[in-house]
Amino acid sequence: MSGSRTGGARTTRAAGGEDRRIANPRRSSNGLREDVLRVLGVMKVATADQVQRAAAPHLSFRHTMKPTAARRKEARTAAHRGALADLRASGHVLFGGHTRDAQGLRLLTPLGLDSARSALGRPKEEMGGTARGAGRSGAQHAMAVNETILALLRPKPDLSLLTGEPPQALAAAQTEVDAPPGLGTLGSYFTEVPLPATGTWTTPGRGGVQADIVVTAPGSRVPLLFVEVDNCFEEAAVLVEKFDRYARFFARTAKVGGKDMAMWRQRWSGPPNVRRVLPPVLLVFNPVGPRNPDGTMQQIAARTRRHWQGAPHQTYTSYDGCIPIVATTLDRLREGGLTGEDFWRFGRHGLQSLFDAVGNPRQEAAQARRRAEDDRRAAEYEAQREREREERRPHCAGCREKFTDQRWDEVDKRGWHNADSHRTLCAGCKQQAIETEQARRAAREEADRLRREAEAAAEAEAARKANRFLGRFRP
């Protein structure tokens with residue numbers, strides 16, 4: 001993404017350069033245009049400001065010497081506005097009207113959606129459709145969804161691209177870098193995702209729900225998160241009905257290898273080896289409408305109790321088979337991020353970080369204590385077994401030292417057909433005994449040899465004398 005890193009459009013004067021300038025009159029780089037495609041592929045409809053903040057957050061810390069916020073915004077979004085204009089000229093992007101605060105909206109054409117699919121590396125069925133008509137009413141809900149994505153993602157600026165900027169800009173960028181990270185990457189986010197209670201993934205039937213955002217971040221503390229965004233215009237009953245649909249979707253199973261499997265696990269991975277733990281749903285209120293988010297939260301919690309209420313145990317509550325429903329506001333999410341204690345888990349007292357809210361710290365602590373107790377008992381059992389084994393360990397009949405494990409195994413493993421010659425001796429004493437026996441055997445053999453030689457010599461001498469005596473009588 002070379003364009004997004006420099007913040008400006010570049011062209012080369014290689015062969016065909018003139019054709020590139022005609023196709024891209026604003027002379028945007030390939031990297032900048034890919035940035036736009038990736039962001040719009042996720043958000044579906046967005047402003048140049050949102051594209052820049054998601055794809056090139058370092059630009060938010062440039063142009064800080066401009067006299068007004070409007071001039072600073074114009075400068076930091078110029079490169080991506082150029083890329084949007086070039087993509088519009090090539091038929092990938094459409095102008096989609098204006099937001100309520102007069103920001104221009106851009107959305108993908110079918111051609112652009114296909115290019116975004118390649119840029120994001122996603123299969124076609126996971127891309128969703130284009131957002132035609134989203135700007136007719138200011139795209140207020142889509143803008144809130146985008147801001148929620150940015151608040152969860154919390155893109156980090158690249159400090160190496162801010163060389164030469166004023167100290168206050170560098171300090172602000174460093175603060176962003178040092179802040180706790182967000183959840184996943186841009187490619188972790190999916191919008192307008194159908195969750196079918198009937199039908200298929202590609203052709204959902206009646207009774208399902210469409211998630212505003214699905215975040216997939218395997219390996220993180222929140223590997224899967226469903227997000228619903230409300231601008232405080234909807235009645236609580238509408239949102240309650242949404243959670244009824246979520247419950248139907250989570251309860252749906254499908255046959256995999258002849259066994260029933262939760263349908264949502266066919267596409268996404270959840271908590272490992274925990275079959276009945278459901279992924280959390282985060283409800284984000286953007287308080288621009290007439291309804292009070294705190295009051296709406298309370299009403300929804302009261303009417304969805306059957307979905308989230310767990311079963312009490314001695315020291316914790318088990319939420320197996322329950323939907324973890326967590327609520328916050330967009331302002332709190334922006335300010336505190338994932339680690340700020342700004343999230344209310346339905347059924348709990350007080351606010352927690354997102355990680356604690358979607359999890360079950362008390363159960364985890366109880367399980368940790370149980371594992372520690374099991375480990376302690378196992379260690380004691382092993383220690384007792386070791387003590388009993390040491391009591392049985394043989395002593396050497398020679399030096400009275402205990403057998404080593406190897407020597408003990410040698411003695412025990414030999415059968416009667418191959419009995420150890422020195423079962424009562426350790427390895428060292430056995431070696432000495434063998435060497436002593438070998439020396440004695442050699443001495444006996446040498447004595448036997450000398451005796452046989454002496455006897456043979458005596459016999460030969462007797463024979464010689466007999467021959468000499470008989471020789472006297474020979475004619």
# chains A, B, ... in the order shown; residues from 1 in each chain; ligands from 1
$ residues_around --residues "Leu195 (chain A)" --least-positions-apart "4" --cutoff "10 Å" --atoms "only C-alpha atoms" --output "count of residues only"
18
$ closest_residue --among "A:Leu108, A:Val288, A:Leu450, A:Ala366" --to "Lys44 (chain A)" --atoms "only C-alpha atoms"
A:Leu108
$ closest_atom_pairs --of "region 286-363 of chain A" --to "region 136-144 of chain A" --cutoff "12 Å" --atoms "only C-alpha atoms" --output "JSON lines"
{"residue": "A:Asn286", "atom": "CA", "partner": "A:Ala144", "partner_atom": "CA", "distance": 6.8}
{"residue": "A:Pro287", "atom": "CA", "partner": "A:Ala144", "partner_atom": "CA", "distance": 10.1}
{"residue": "A:Val288", "atom": "CA", "partner": "A:Gln140", "partner_atom": "CA", "distance": 9.5}
{"residue": "A:Gly289", "atom": "CA", "partner": "A:Gln140", "partner_atom": "CA", "distance": 10.5}
{"residue": "A:Thr329", "atom": "CA", "partner": "A:Ala144", "partner_atom": "CA", "distance": 10.9}
{"residue": "A:Leu330", "atom": "CA", "partner": "A:Ala144", "partner_atom": "CA", "distance": 8.2}
{"residue": "A:Asp331", "atom": "CA", "partner": "A:Ala144", "partner_atom": "CA", "distance": 10.9}
{"residue": "A:Arg334", "atom": "CA", "partner": "A:Ala144", "partner_atom": "CA", "distance": 11.8}
$ write_last_selection --atoms "C-alpha atoms" --output "PDB file, in the first residue's frame"
ATOM      1  CA  ASN A 286     -25.282   5.701  19.304  1.00  0.00           C
ATOM      2  CA  PRO A 287     -27.339   8.290  21.210  1.00  0.00           C
ATOM      3  CA  VAL A 288     -28.513  10.462  18.315  1.00  0.00           C
ATOM      4  CA  GLY A 289     -32.183   9.487  18.491  1.00  0.00           C
ATOM      5  CA  THR A 329     -22.518   3.380  23.917  1.00  0.00           C
ATOM      6  CA  LEU A 330     -20.453   4.442  20.931  1.00  0.00           C
ATOM      7  CA  ASP A 331     -18.980   7.360  22.840  1.00  0.00           C
ATOM      8  CA  ARG A 334     -14.463   5.347  21.383  1.00  0.00           C
TER       9      ARG A 334
END
$ residues_around --residues "region 292-297 of chain A" --least-positions-apart "2" --cutoff "6 Å" --atoms "only C-alpha atoms" --output "MDAnalysis selection string"
chainID A and resid 236 299:300
$ atom_distance --atom1 "CA of Cys232 (chain A)" --atom2 "CA of Gly310 (chain A)"
27.8 Å
$ closest_residue --among "A:Arg53, A:His80, A:Arg440, A:Arg117" --to "Val36 (chain A)" --atoms "only C-alpha atoms"
A:His80
$ select_by_dssp --residues "region 287-323 of chain A" --states "alpha helix (DSSP H)" --output "short mmCIF file (atom, residue, chain, number, x, y, z; two decimals) with C-alpha atoms, in the first residue's frame"
data_model
loop_
_atom_site.label_atom_id
_atom_site.label_comp_id
_atom_site.auth_asym_id
_atom_site.auth_seq_id
_atom_site.Cartn_x
_atom_site.Cartn_y
_atom_site.Cartn_z
CA PRO A 293 -29.85 4.26 25.80
CA ASP A 294 -29.67 3.43 29.51
CA GLY A 295 -33.43 2.97 29.75
CA THR A 296 -33.49 0.94 26.54
CA MET A 297 -30.74 -1.33 27.87
CA GLN A 298 -32.75 -2.01 31.02
CA GLN A 299 -35.90 -2.82 29.03
CA ILE A 300 -34.06 -5.16 26.67
CA ALA A 301 -32.34 -6.92 29.58
CA ALA A 302 -35.66 -7.48 31.35
CA ARG A 303 -37.33 -8.89 28.21
CA ARG A 305 -33.73 -12.73 30.47
CA ARG A 306 -34.55 -16.20 29.09
CA HIS A 307 -31.67 -15.84 26.64
CA TRP A 308 -28.89 -14.61 28.92
#
$ residues_around --residues "Leu111 (chain A)" --least-positions-apart "6" --cutoff "9 Å" --atoms "only C-alpha atoms" --output "JSON, numbers by chain"
{"A": [91, 92, 93]}
$ atom_distance --atom1 "CA of Glu390 (chain A)" --atom2 "CA of Trp408 (chain A)"
11.2 Å
$ select_by_dssp --residues "region 213-257 of chain A" --states "strand (DSSP E)" --output "list in words"
Ile213, Val214, Val215, Thr216, Leu224, Leu225, Phe226, Val227, Glu228, Val229, Asp230, Thr253, Ala254, Lys255 and Val256 of chain A
$ write_last_selection --atoms "C-alpha atoms" --output "CSV table (one decimal), in the first residue's frame"
chain,number,residue,atom,x,y,z
A,213,ILE,CA,-21.1,-6.6,12.3
A,214,VAL,CA,-19.4,-9.9,12.8
A,215,VAL,CA,-15.8,-9.8,14.0
A,216,THR,CA,-13.6,-12.9,13.7
A,224,LEU,CA,-15.9,-14.2,17.6
A,225,LEU,CA,-18.2,-11.2,18.3
A,226,PHE,CA,-21.6,-10.3,16.9
A,227,VAL,CA,-22.4,-6.6,17.0
A,228,GLU,CA,-25.7,-4.7,16.8
A,229,VAL,CA,-25.7,-0.9,16.4
A,230,ASP,CA,-28.7,1.2,17.4
A,253,THR,CA,-27.7,-27.5,14.1
A,254,ALA,CA,-26.5,-29.3,11.0
A,255,LYS,CA,-25.1,-32.7,10.3
A,256,VAL,CA,-21.3,-32.9,10.0
$ closest_residue --among "A:Leu37, A:Ala79, A:Leu354, A:Ala443" --to "Ala56 (chain A)" --atoms "only C-alpha atoms"
A:Ala79
$ closest_residue --among "A:Glu165, A:Asp212, A:Pro67, A:Pro194" --to "Glu125 (chain A)" --atoms "only C-alpha atoms"
A:Pro194
$ residues_around --residues "Val326 (chain A)" --least-positions-apart "6" --cutoff "9 Å" --atoms "only C-alpha atoms" --output "PDB file with N, CA and C atoms, in the first residue's frame"
ATOM      1  N   PRO A 280     -20.566 -14.019  22.058  1.00  0.00           N
ATOM      2  CA  PRO A 280     -21.268 -12.857  22.620  1.00  0.00           C
ATOM      3  C   PRO A 280     -21.863 -11.956  21.543  1.00  0.00           C
ATOM      4  N   VAL A 281     -22.865 -11.203  21.960  1.00  0.00           N
ATOM      5  CA  VAL A 281     -23.470 -10.177  21.106  1.00  0.00           C
ATOM      6  C   VAL A 281     -23.283  -8.833  21.813  1.00  0.00           C
ATOM      7  N   LEU A 282     -22.634  -7.901  21.142  1.00  0.00           N
ATOM      8  CA  LEU A 282     -22.385  -6.567  21.684  1.00  0.00           C
ATOM      9  C   LEU A 282     -23.411  -5.603  21.107  1.00  0.00           C
ATOM     10  N   LEU A 283     -24.122  -4.934  21.986  1.00  0.00           N
ATOM     11  CA  LEU A 283     -25.140  -3.964  21.583  1.00  0.00           C
ATOM     12  C   LEU A 283     -24.566  -2.568  21.808  1.00  0.00           C
ATOM     13  N   VAL A 284     -24.348  -1.819  20.714  1.00  0.00           N
ATOM     14  CA  VAL A 284     -23.739  -0.494  20.783  1.00  0.00           C
ATOM     15  C   VAL A 284     -24.799   0.558  20.473  1.00  0.00           C
ATOM     16  N   PHE A 343     -18.643  -1.498  29.774  1.00  0.00           N
ATOM     17  CA  PHE A 343     -19.523  -2.494  29.169  1.00  0.00           C
ATOM     18  C   PHE A 343     -20.365  -3.164  30.254  1.00  0.00           C
ATOM     19  N   TRP A 344     -21.673  -3.241  29.989  1.00  0.00           N
ATOM     20  CA  TRP A 344     -22.581  -3.876  30.937  1.00  0.00           C
ATOM     21  C   TRP A 344     -23.027  -5.217  30.384  1.00  0.00           C
ATOM     22  N   ARG A 345     -22.664  -6.272  31.095  1.00  0.00           N
ATOM     23  CA  ARG A 345     -23.138  -7.617  30.754  1.00  0.00           C
ATOM     24  C   ARG A 345     -24.486  -7.808  31.423  1.00  0.00           C
ATOM     25  N   PHE A 346     -25.510  -8.106  30.628  1.00  0.00           N
ATOM     26  CA  PHE A 346     -26.852  -8.280  31.174  1.00  0.00           C
ATOM     27  C   PHE A 346     -26.816  -9.315  32.297  1.00  0.00           C
ATOM     28  N   LEU A 354     -14.530  -5.073  28.052  1.00  0.00           N
ATOM     29  CA  LEU A 354     -15.194  -5.985  27.114  1.00  0.00           C
ATOM     30  C   LEU A 354     -14.745  -7.419  27.358  1.00  0.00           C
ATOM     31  N   ALA A 357     -16.457  -8.730  30.362  1.00  0.00           N
ATOM     32  CA  ALA A 357     -17.896  -8.777  30.172  1.00  0.00           C
ATOM     33  C   ALA A 357     -18.312  -9.969  29.318  1.00  0.00           C
ATOM     34  N   VAL A 358     -17.558 -10.260  28.268  1.00  0.00           N
ATOM     35  CA  VAL A 358     -17.950 -11.379  27.400  1.00  0.00           C
ATOM     36  C   VAL A 358     -17.514 -12.714  27.990  1.00  0.00           C
TER      37      VAL A 358
END
